[in-house]
Protein chains: 2
Amino acid sequence: MSDTNITAADALRVAVSDGDTGFVQVLTKRLDRLGWEHIVLTGAVPVERLVAMRLGAFVIDLALLGQEAWPYLERVSRELPSLPLIICTGQSTVAQRVRGLRMGADDWVTKPCHPEELIARIEAVARRRRLSEGPDVAAVVLAGEIEIRADQFQAFAHGRSVDLTRREFELIQLLAAAEGRVLEREEIYQRVWGYTMAHGDRSVDVFVRKLRSKLLRVSPDWFYIHTHFGVGYRFAAELAVEAEIAAAVAASDLPVPGVAPAPVVAAEPKPPGADERKPARTFA
Amino acid sequence: MSDTNITAADALRVAVSDGDTGFVQVLTKRLDRLGWEHIVLTGAVPVERLVAMRLGAFVIDLALLGQEAWPYLERVSRELPSLPLIICTGQSTVAQRVRGLRMGADDWVTKPCHPEELIARIEAVARRRRLSEGPDVAAVVLAGEIEIRADQFQAFAHGRSVDLTRREFELIQLLAAAEGRVLEREEIYQRVWGYTMAHGDRSVDVFVRKLRSKLLRVSPDWFYIHTHFGVGYRFAAELAVEAEIAAAVAASDLPVPGVAPAPVVAAEPKPPGADERKPARTFA
DNA sequence: TCGGTCTGTGAAAATCCTGTAACCGCCTAG
DNA sequence: CTAGGCGGTTACAGGATTTTCACAGACCGA
């Protein structure tokens with residue numbers, strides 16, 4: 001329910017094909033503020049290039065294309081029927097608008113228009129599309145020997161189910177999504193359970209234990225969930241040997257900053273602010 | 001692929017909620033010529049009645065509702081997110097249009113407008129929706145011993161009809177179309193029943209049971225619908241024997257080569273008690 | 001090293017979820 | 001107008017899952 005989630009879910013890559021630099025500038029500024037990626041095009045970009053852009057929406061000013069406008073429109077909507085296509089152009093006749101819409105455009109906005117309305121219309125079309133395409137098929141996270149599939153509400157190892165319950169799955173998904181970052185109990189509880197944690201609640205600990213136990217069963221040579229004493233938990237796939245070395249190093253009290261980047265396995269490069277506080281010595 | 005399909009595919013049942021009799025008259029005349037069914041409403045019709053109408057699109061003039069306009073709009077788009085909703089109303093501000101669109105409207109047309117354009121916009125939204133509901137023209141789906149034929153509104157096994165009712169068929173079709181993916185009850189309800197599931201509604205469960213029972217009658221050696229506790233259901237044809245082996249594997253916790261290709265039904269590996277319980281049909 | 005905290009563990013208790021079956025209107029075809 | 005099919009609701013029981021507890025073991029700072 002965090003607003004970052006909302007942004008992420010709604011974020012789109014939008015291409016704008018328009019010659020009116022003033023309009024484009026105002027529009028892109030708003031898009032930036034929304035966190036949407038945008039690409040400005042200045043002509044009839046070949047459909048193949050559009051495909052490569054993996055767009056979430058396409059805003060196009062027909063005036064820019066002149067004679068080519070209708071054929072281009074036809075081609076785009078034939079080749080990319082699932083691409084939300086919004087025509088944003090100057091004065092037009094009813095017949096032209098009807099033609100454009102029948103041809104496959106999802107909306108037709110007449111300039112001058114308020115950028116906010118254009119954005120709202122893009123959202124409306126994108127929302128309608130998303131509704132039909134269902135959840136992301138590519139929602140798969142890999143870590144060590146574990147494969148987390150959102151579409152299955154389940155994690156797998158060697159093709160076998162880890163047999164997680166709903167809460168267990170939500171927990172591992174949250175942790176894995178924040179791979180490398182330490183999450184505090186409060187935050188974990190807040191985001192998995194949906195409401196604030198009562199003082200002294202041990203639910204998170206208990207579920208971490210269950211998770212560890214099940215992961216150990218299917219992937220005995222790896223450690224996935226690391227305890228940060230007094231803080232919370234961190235998810236990071238680590239080969240057992242590696243972890244032991246790391247622990248030994250930490251125990252010997254040698255200032256070795258590069259503990260994580262172990263040679264044995266291609267470890268995920270940790271983002272810069274990942275390391276906090278004292279080196280954690282607990283690697284359950 | 002007959003031409004009757006073309007007509008059928010484009011024909012929509014449209015409800016128009018508008019007080020302007022002149023406009024409605026012109027519009028309905030055009031709709032008639034297109035062969036679309038239409039219903040004229042003159043107020044805030046309760047959502048349940050809208051559901052019963054099984055609409056393909058809903059055109060609404062906010063002016064007709066006065067104070068009730070926004071709450072009503074909100075309710076409709078929340079309860080029936082899949083219903084194409086076009087607002088066709090008089091003068092408005094950008095802020096109002098943005099609000100309406102954000103709230104869930106698919107388009108906002110300002111009156112006076114040409115009925116042809118309104119119709120084109122309805123078509124555009126309906127087209128977008130249809131796109132998402134899948135290229136279901138794959139009229140036949142095969143799974144295990146079951147053959148699901150969309151054109152017949154029926155499933156078959158060994159050439160014999162499974163004798164499914166309308167709802168049962170819609171349910172199995174939805175599940176089968178998402179084969180391998182877990183569908184949550186909410187989503188199932190939303191897509192089969194067309195509106196939001198009331199809290200505590202067990203309809204989905206009951207129909208799953210009916211389906212299982214009928215499938216078992218015609219194809220006793222297969223499991224088709226798997227329960228994901230706390231989540232929903234997943235469709236996947238699985239031979240009973242396979243399922244038992246999988247369960248045994250999980251229970252013994254020994255890797256057995258060449259048995260489990262992909263996600264496989266597994267039973268909770270209970271400690272020694274190694275119970276020979278019925279082939280697991282549940283999937284945590 | 002010591003004491004106070006914090007975390008891991010195992011199990012019991014409390015909840016929640018699902019399968020099942022019986023029941024109730026509505027509609028339609030006799 | 002009546003029986004039967006169908007969609008939908010409800011109540012219940014058996015399990016599965018989640019929460020809670022008490023205790024043991026770890027960790028940190030002094």
# chains A, B, ... in the order shown; residues from 1 in each chain; ligands from 1

call {"tool": "residues_around", "arguments": {"residues": "Ala237 in chain A", "least_positions_apart": "5", "cutoff": "7 Å", "atoms": "only C-alpha atoms (C1' of nucleotides)", "output": "JSON, numbers by chain"}}
result
{"A": [143, 144, 222, 223, 224]}

call {"tool": "write_last_selection", "arguments": {"atoms": "N, CA and C atoms", "output": "JSON list (two decimals), in the first residue's frame"}}
result
[["chain", "number", "residue", "atom", "x", "y", "z"],
["A", 143, "ALA", "N", 17.33, -16.67, -6.94],
["A", 143, "ALA", "CA", 18.33, -16.42, -5.90],
["A", 143, "ALA", "C", 18.89, -17.75, -5.47],
["A", 144, "GLY", "N", 20.17, -17.93, -5.66],
["A", 144, "GLY", "CA", 20.76, -19.21, -5.30],
["A", 144, "GLY", "C", 20.07, -20.32, -6.07],
["A", 222, "TRP", "N", 22.72, -23.80, 0.98],
["A", 222, "TRP", "CA", 22.65, -22.34, 0.87],
["A", 222, "TRP", "C", 22.01, -21.72, 2.09],
["A", 223, "PHE", "N", 22.45, -20.51, 2.37],
["A", 223, "PHE", "CA", 21.78, -19.69, 3.36],
["A", 223, "PHE", "C", 21.09, -18.55, 2.62],
["A", 224, "TYR", "N", 19.88, -18.29, 3.01],
["A", 224, "TYR", "CA", 19.15, -17.24, 2.30],
["A", 224, "TYR", "C", 18.79, -16.05, 3.17]]

call {"tool": "select_by_dssp", "arguments": {"residues": "range 54-214 of chain B", "states": "strand (DSSP E or B)", "output": "PyMOL selection string"}}
result
chain B and resi 57-60+85-89+107-110+140-143+146-149+154-157+160-161+182-184

call {"tool": "write_last_selection", "arguments": {"atoms": "N, CA and C atoms", "output": "PDB file, in the first residue's frame"}}
result
ATOM      1  N   ALA B  57     -21.102  -2.052 -22.677  1.00  0.00           N
ATOM      2  CA  ALA B  57     -20.602  -0.686 -22.499  1.00  0.00           C
ATOM      3  C   ALA B  57     -21.669   0.137 -21.794  1.00  0.00           C
ATOM      4  N   PHE B  58     -21.206   1.192 -21.148  1.00  0.00           N
ATOM      5  CA  PHE B  58     -22.109   2.025 -20.358  1.00  0.00           C
ATOM      6  C   PHE B  58     -21.761   3.486 -20.626  1.00  0.00           C
ATOM      7  N   VAL B  59     -22.726   4.189 -21.204  1.00  0.00           N
ATOM      8  CA  VAL B  59     -22.523   5.614 -21.480  1.00  0.00           C
ATOM      9  C   VAL B  59     -23.330   6.397 -20.464  1.00  0.00           C
ATOM     10  N   ILE B  60     -22.691   7.349 -19.829  1.00  0.00           N
ATOM     11  CA  ILE B  60     -23.365   8.017 -18.732  1.00  0.00           C
ATOM     12  C   ILE B  60     -23.162   9.528 -18.758  1.00  0.00           C
ATOM     13  N   LEU B  85     -16.690   2.120 -19.699  1.00  0.00           N
ATOM     14  CA  LEU B  85     -17.478   3.213 -19.138  1.00  0.00           C
ATOM     15  C   LEU B  85     -17.105   4.508 -19.836  1.00  0.00           C
ATOM     16  N   ILE B  86     -18.071   5.079 -20.537  1.00  0.00           N
ATOM     17  CA  ILE B  86     -17.811   6.320 -21.257  1.00  0.00           C
ATOM     18  C   ILE B  86     -18.693   7.419 -20.678  1.00  0.00           C
ATOM     19  N   ILE B  87     -18.058   8.491 -20.264  1.00  0.00           N
ATOM     20  CA  ILE B  87     -18.822   9.620 -19.758  1.00  0.00           C
ATOM     21  C   ILE B  87     -19.089  10.560 -20.924  1.00  0.00           C
ATOM     22  N   CYS B  88     -20.344  10.899 -21.096  1.00  0.00           N
ATOM     23  CA  CYS B  88     -20.714  11.795 -22.188  1.00  0.00           C
ATOM     24  C   CYS B  88     -21.553  12.887 -21.563  1.00  0.00           C
ATOM     25  N   THR B  89     -20.950  14.014 -21.364  1.00  0.00           N
ATOM     26  CA  THR B  89     -21.631  15.035 -20.583  1.00  0.00           C
ATOM     27  C   THR B  89     -21.311  16.429 -21.129  1.00  0.00           C
ATOM     28  N   ASP B 107     -13.360   6.882 -21.126  1.00  0.00           N
ATOM     29  CA  ASP B 107     -13.312   8.014 -22.045  1.00  0.00           C
ATOM     30  C   ASP B 107     -14.266   9.073 -21.512  1.00  0.00           C
ATOM     31  N   TRP B 108     -14.041  10.289 -21.956  1.00  0.00           N
ATOM     32  CA  TRP B 108     -14.888  11.395 -21.541  1.00  0.00           C
ATOM     33  C   TRP B 108     -15.175  12.203 -22.790  1.00  0.00           C
ATOM     34  N   VAL B 109     -16.413  12.203 -23.185  1.00  0.00           N
ATOM     35  CA  VAL B 109     -16.803  12.919 -24.394  1.00  0.00           C
ATOM     36  C   VAL B 109     -17.620  14.130 -23.986  1.00  0.00           C
ATOM     37  N   THR B 110     -17.306  15.262 -24.587  1.00  0.00           N
ATOM     38  CA  THR B 110     -18.036  16.479 -24.250  1.00  0.00           C
ATOM     39  C   THR B 110     -19.194  16.692 -25.218  1.00  0.00           C
ATOM     40  N   VAL B 140     -10.628 -24.361 -28.964  1.00  0.00           N
ATOM     41  CA  VAL B 140     -10.501 -25.662 -28.323  1.00  0.00           C
ATOM     42  C   VAL B 140      -9.257 -25.706 -27.438  1.00  0.00           C
ATOM     43  N   VAL B 141      -9.459 -26.103 -26.216  1.00  0.00           N
ATOM     44  CA  VAL B 141      -8.337 -26.265 -25.302  1.00  0.00           C
ATOM     45  C   VAL B 141      -8.282 -27.726 -24.883  1.00  0.00           C
ATOM     46  N   LEU B 142      -7.100 -28.289 -24.912  1.00  0.00           N
ATOM     47  CA  LEU B 142      -6.942 -29.668 -24.495  1.00  0.00           C
ATOM     48  C   LEU B 142      -6.159 -29.732 -23.196  1.00  0.00           C
ATOM     49  N   ALA B 143      -6.611 -30.596 -22.308  1.00  0.00           N
ATOM     50  CA  ALA B 143      -5.894 -30.774 -21.044  1.00  0.00           C
ATOM     51  C   ALA B 143      -6.249 -32.145 -20.511  1.00  0.00           C
ATOM     52  N   ILE B 146      -9.488 -34.014 -21.177  1.00  0.00           N
ATOM     53  CA  ILE B 146     -10.583 -33.066 -21.354  1.00  0.00           C
ATOM     54  C   ILE B 146     -10.365 -32.158 -22.559  1.00  0.00           C
ATOM     55  N   GLU B 147     -11.454 -31.896 -23.217  1.00  0.00           N
ATOM     56  CA  GLU B 147     -11.415 -31.024 -24.378  1.00  0.00           C
ATOM     57  C   GLU B 147     -12.447 -29.929 -24.138  1.00  0.00           C
ATOM     58  N   ILE B 148     -11.983 -28.702 -24.129  1.00  0.00           N
ATOM     59  CA  ILE B 148     -12.883 -27.595 -23.835  1.00  0.00           C
ATOM     60  C   ILE B 148     -13.176 -26.844 -25.124  1.00  0.00           C
ATOM     61  N   ARG B 149     -14.414 -26.843 -25.499  1.00  0.00           N
ATOM     62  CA  ARG B 149     -14.765 -26.184 -26.760  1.00  0.00           C
ATOM     63  C   ARG B 149     -15.597 -24.937 -26.499  1.00  0.00           C
ATOM     64  N   GLN B 154     -19.064 -26.061 -23.899  1.00  0.00           N
ATOM     65  CA  GLN B 154     -19.096 -27.390 -23.285  1.00  0.00           C
ATOM     66  C   GLN B 154     -17.708 -28.034 -23.302  1.00  0.00           C
ATOM     67  N   ALA B 155     -17.511 -28.928 -22.355  1.00  0.00           N
ATOM     68  CA  ALA B 155     -16.265 -29.686 -22.339  1.00  0.00           C
ATOM     69  C   ALA B 155     -16.588 -31.149 -22.629  1.00  0.00           C
ATOM     70  N   PHE B 156     -15.603 -31.868 -23.181  1.00  0.00           N
ATOM     71  CA  PHE B 156     -15.828 -33.266 -23.539  1.00  0.00           C
ATOM     72  C   PHE B 156     -14.686 -34.147 -23.053  1.00  0.00           C
ATOM     73  N   ALA B 157     -15.023 -35.418 -22.838  1.00  0.00           N
ATOM     74  CA  ALA B 157     -14.009 -36.409 -22.509  1.00  0.00           C
ATOM     75  C   ALA B 157     -14.376 -37.672 -23.274  1.00  0.00           C
ATOM     76  N   ARG B 160     -17.497 -37.686 -25.063  1.00  0.00           N
ATOM     77  CA  ARG B 160     -18.748 -37.527 -24.325  1.00  0.00           C
ATOM     78  C   ARG B 160     -18.785 -36.183 -23.632  1.00  0.00           C
ATOM     79  N   SER B 161     -19.932 -35.589 -23.611  1.00  0.00           N
ATOM     80  CA  SER B 161     -20.062 -34.286 -22.973  1.00  0.00           C
ATOM     81  C   SER B 161     -19.926 -34.404 -21.454  1.00  0.00           C
ATOM     82  N   VAL B 182      -1.864 -19.691 -10.794  1.00  0.00           N
ATOM     83  CA  VAL B 182      -2.832 -19.691  -9.703  1.00  0.00           C
ATOM     84  C   VAL B 182      -3.722 -18.464  -9.834  1.00  0.00           C
ATOM     85  N   LEU B 183      -5.005 -18.694  -9.822  1.00  0.00           N
ATOM     86  CA  LEU B 183      -5.936 -17.565  -9.865  1.00  0.00           C
ATOM     87  C   LEU B 183      -6.568 -17.397  -8.496  1.00  0.00           C
ATOM     88  N   GLU B 184      -6.576 -16.179  -8.042  1.00  0.00           N
ATOM     89  CA  GLU B 184      -7.193 -15.917  -6.745  1.00  0.00           C
ATOM     90  C   GLU B 184      -8.703 -15.891  -6.902  1.00  0.00           C
TER      91      GLU B 184
END

call {"tool": "atom_distance", "arguments": {"atom1": "CA of Thr227 in chain B", "atom2": "CA of Ala150 in chain B"}}
result
24.2 Å

call {"tool": "atom_distance", "arguments": {"atom1": "CA of Ser17 in chain B", "atom2": "CA of Val125 in chain A"}}
result
22.3 Å

call {"tool": "closest_residue", "arguments": {"among": "A:Gln152, A:Val192, A:Thr165, A:Lys111", "to": "Phe23 in chain A", "atoms": "only C-alpha atoms"}}
result
A:Lys111

call {"tool": "closest_atom_pairs", "arguments": {"of": "chain D", "to": "chain B", "cutoff": "8 Å", "atoms": "only C-alpha atoms (C1' of nucleotides)", "output": "tab-separated table"}}
result
residue	atom	partner	partner_atom	distance
D:DC6	C1'	B:Thr165	CA	7.6
D:DG8	C1'	B:Ser203	CA	6.9
D:DA16	C1'	B:Phe229	CA	7.9

call {"tool": "residues_around", "arguments": {"residues": "Leu62 in chain A", "least_positions_apart": "6", "cutoff": "10 Å", "atoms": "only C-alpha atoms (C1' of nucleotides)", "output": "mmCIF file with C-alpha atoms, in the first residue's frame"}}
result
data_model
loop_
_atom_site.group_PDB
_atom_site.id
_atom_site.type_symbol
_atom_site.label_atom_id
_atom_site.label_comp_id
_atom_site.auth_asym_id
_atom_site.auth_seq_id
_atom_site.Cartn_x
_atom_site.Cartn_y
_atom_site.Cartn_z
ATOM 1 C CA SER A 17 5.659 11.768 -31.544
ATOM 2 C CA ASP A 18 5.027 15.454 -31.835
ATOM 3 C CA GLY A 19 6.598 18.482 -33.466
ATOM 4 C CA GLY A 43 8.746 11.367 -37.411
ATOM 5 C CA ALA A 44 7.317 8.134 -38.665
ATOM 6 C CA GLU A 68 1.966 9.422 -44.290
ATOM 7 C CA ALA A 69 -0.334 9.855 -41.299
ATOM 8 C CA TRP A 70 -3.120 7.407 -42.151
ATOM 9 C CA TYR A 72 1.370 4.938 -40.681
ATOM 10 C CA LEU A 73 -1.465 4.821 -38.213
ATOM 11 C CA ILE A 87 -3.748 10.561 -31.058
ATOM 12 C CA CYS A 88 -3.128 14.079 -29.867
ATOM 13 C CA THR A 89 -3.470 16.478 -32.700
ATOM 14 C CA GLY A 90 -4.885 19.861 -33.716
ATOM 15 C CA GLY A 100 -8.665 7.279 -36.515
#

call {"tool": "closest_residue", "arguments": {"among": "C:DG19, C:DA14, C:DG8, C:DT1", "to": "chain B", "atoms": "only C-alpha atoms (C1' of nucleotides)"}}
result
C:DG19

call {"tool": "interface_residues", "arguments": {"of": "chain C", "to": "chain A", "cutoff": "9 Å", "atoms": "only C-alpha atoms (C1' of nucleotides)", "output": "PyMOL selection string"}}
result
chain C and resi 5-9

call {"tool": "interface_residues", "arguments": {"of": "chain A", "to": "chain B", "cutoff": "8 Å", "atoms": "only C-alpha atoms", "output": "VMD selection string"}}
result
chain A and resid 82 94 to 95 97 to 98 101 to 102 104 to 107 114 116 to 117 120 to 121 123 to 125 128 to 133 151 to 153 156 159 to 161 163 to 166

call {"tool": "residues_around", "arguments": {"residues": "DG4 in chain C", "least_positions_apart": "6", "cutoff": "12 Å", "atoms": "only C-alpha atoms (C1' of nucleotides)", "output": "PyMOL selection string"}}
result
chain D and resi 27-30
